[in-house]
Amino acid sequence: MKTLVVMMSLLFSMNAMATGGFLCTAKINTKDAQVDVQISGNTGRLSGNPLVADLQIGIDCLSDLQFSIPKNQIVGYWNQGAELKINALNSDFEKSQVLLEYNIETNEGSLDFDFQGIKAITTDLNCIFE
């Protein structure tokens with residue numbers, strides 16, 4: 001009986017996955033004003049697409065609205081906890097809406113943003129991870 005319990009525990013734990021999350025904030029300068037953008041997601045520690053849920057986006061000038069990009073439109077990977085790269089494509093899978101690259105060790109990154117009429121590239125970016 002003990003052997004059965006141990007074997008069942010091992011079997012069910014094989015599919016367990018550690019998850020975490022990230023929140024990146026960026027300041028984007030448009031021709032009219034500065035816009036604060038927040039990008040967040042829940043990630044798993046696995047190769048390939050790290051997101052375990054949709055990518056969430058908040059834009060301060062549209063504070064009443066929270067946007068999400070479906071997980072199936074995200075291409076990216078989490079590399080040994082040192083680097084986050086996420087490429088969110090439009091619904092036709094033709095172009096990037098959000099291209100985020102961030103190095104945790106150097107606290108540097110870049111954001112190429114073309115979403116909800118806001119288009120810019122910035123390195124004024126800060127990310128926190130759990």
# chains A, B, ... in the order shown; residues from 1 in each chain; ligands from 1
call {"tool": "select_by_dssp", "arguments": {"residues": "stretch 8-125 of chain A", "states": "strand (DSSP E)", "output": "MDAnalysis selection string"}}
result
chainID A and resid 19:29 34:44 55:59 66:69 74:79 83:89 96:103 108:115 118:122 125
call {"tool": "residues_around", "arguments": {"residues": "A:Ser40", "least_positions_apart": "2", "cutoff": "9 Å", "atoms": "only C-alpha atoms", "output": "list in words"}}
result
Gly21, Phe22, Leu23, Cys24, Thr25, Gln38, Asn42, Leu55, Gln56, Ile57 and Gly58 of chain A
call {"tool": "closest_residue", "arguments": {"among": "A:Phe93, A:Tyr102, A:Phe113, A:Phe67", "to": "A:Thr30", "atoms": "only C-alpha atoms"}}
result
A:Phe113
call {"tool": "atom_distance", "arguments": {"atom1": "atom CA of A:Leu100", "atom2": "atom CA of A:Leu84"}}
result
7.6 Å
call {"tool": "closest_residue", "arguments": {"among": "A:Ala82, A:Val37, A:Leu125, A:Val75", "to": "A:Ser96", "atoms": "only C-alpha atoms"}}
result
A:Val75
call {"tool": "select_by_dssp", "arguments": {"residues": "stretch 27-72 of chain A", "states": "helix (DSSP H, G or I)", "output": "JSON, numbers by chain"}}
result
{"A": [60, 61, 62, 71, 72]}
call {"tool": "closest_residue", "arguments": {"among": "A:Glu83, A:Glu105, A:Asp36, A:Asp92", "to": "A:Leu62", "atoms": "only C-alpha atoms"}}
result
A:Asp36
call {"tool": "residues_around", "arguments": {"residues": "A:Gln34", "least_positions_apart": "5", "cutoff": "12 Å", "atoms": "only C-alpha atoms", "output": "ChimeraX atom specification"}}
result
/A:26-29,59-61,118-120,122,124
call {"tool": "write_last_selection", "arguments": {"atoms": "C-alpha atoms", "output": "PDB file, in the first residue's frame"}}
result
ATOM      1  CA  ALA A  26       7.587  51.546 -19.326  1.00  0.00           C
ATOM      2  CA  LYS A  27       7.465  55.211 -20.117  1.00  0.00           C
ATOM      3  CA  ILE A  28       6.641  55.821 -23.762  1.00  0.00           C
ATOM      4  CA  ASN A  29       7.028  59.248 -25.301  1.00  0.00           C
ATOM      5  CA  ILE A  59      -2.183  52.037 -20.432  1.00  0.00           C
ATOM      6  CA  ASP A  60      -2.494  55.078 -18.170  1.00  0.00           C
ATOM      7  CA  CYS A  61      -4.288  57.290 -20.670  1.00  0.00           C
ATOM      8  CA  ILE A 118       0.360  53.957 -29.406  1.00  0.00           C
ATOM      9  CA  LYS A 119       3.546  53.244 -31.320  1.00  0.00           C
ATOM     10  CA  ALA A 120       7.043  53.706 -29.906  1.00  0.00           C
ATOM     11  CA  THR A 122      11.731  52.696 -25.463  1.00  0.00           C
ATOM     12  CA  ASP A 124      12.906  53.380 -20.175  1.00  0.00           C
TER      13      ASP A 124
END
call {"tool": "closest_residue", "arguments": {"among": "A:Leu111, A:Ile128, A:Leu89, A:Leu65", "to": "A:Gly41", "atoms": "only C-alpha atoms"}}
result
A:Ile128
call {"tool": "closest_residue", "arguments": {"among": "A:Ile104, A:Ala88, A:Lys31, A:Glu130", "to": "A:Thr43", "atoms": "only C-alpha atoms"}}
result
A:Glu130
call {"tool": "atom_distance", "arguments": {"atom1": "atom CA of A:Gly117", "atom2": "atom CA of A:Val35"}}
result
11.8 Å
call {"tool": "decode", "arguments": {"residues": "stretch 102-118 of chain A", "atoms": "C-alpha atoms", "output": "CSV table (one decimal), in the first residue's frame"}}
result
chain,number,residue,atom,x,y,z
A,102,TYR,CA,14.6,42.4,-20.5
A,103,ASN,CA,17.8,41.2,-18.8
A,104,ILE,CA,17.2,40.6,-15.0
A,105,GLU,CA,20.9,40.6,-14.2
A,106,THR,CA,21.6,44.1,-15.8
A,107,ASN,CA,18.1,45.5,-15.2
A,108,GLU,CA,18.1,46.7,-18.8
A,109,GLY,CA,15.7,46.1,-21.6
A,110,SER,CA,13.7,47.4,-24.5
A,111,LEU,CA,10.1,47.6,-25.5
A,112,ASP,CA,8.8,48.0,-29.1
A,113,PHE,CA,5.1,48.9,-28.6
A,114,ASP,CA,2.5,49.1,-31.4
A,115,PHE,CA,-0.8,48.7,-29.6
A,116,GLN,CA,-4.1,50.6,-29.3
A,117,GLY,CA,-2.8,53.4,-31.5
A,118,ILE,CA,0.4,54.0,-29.4
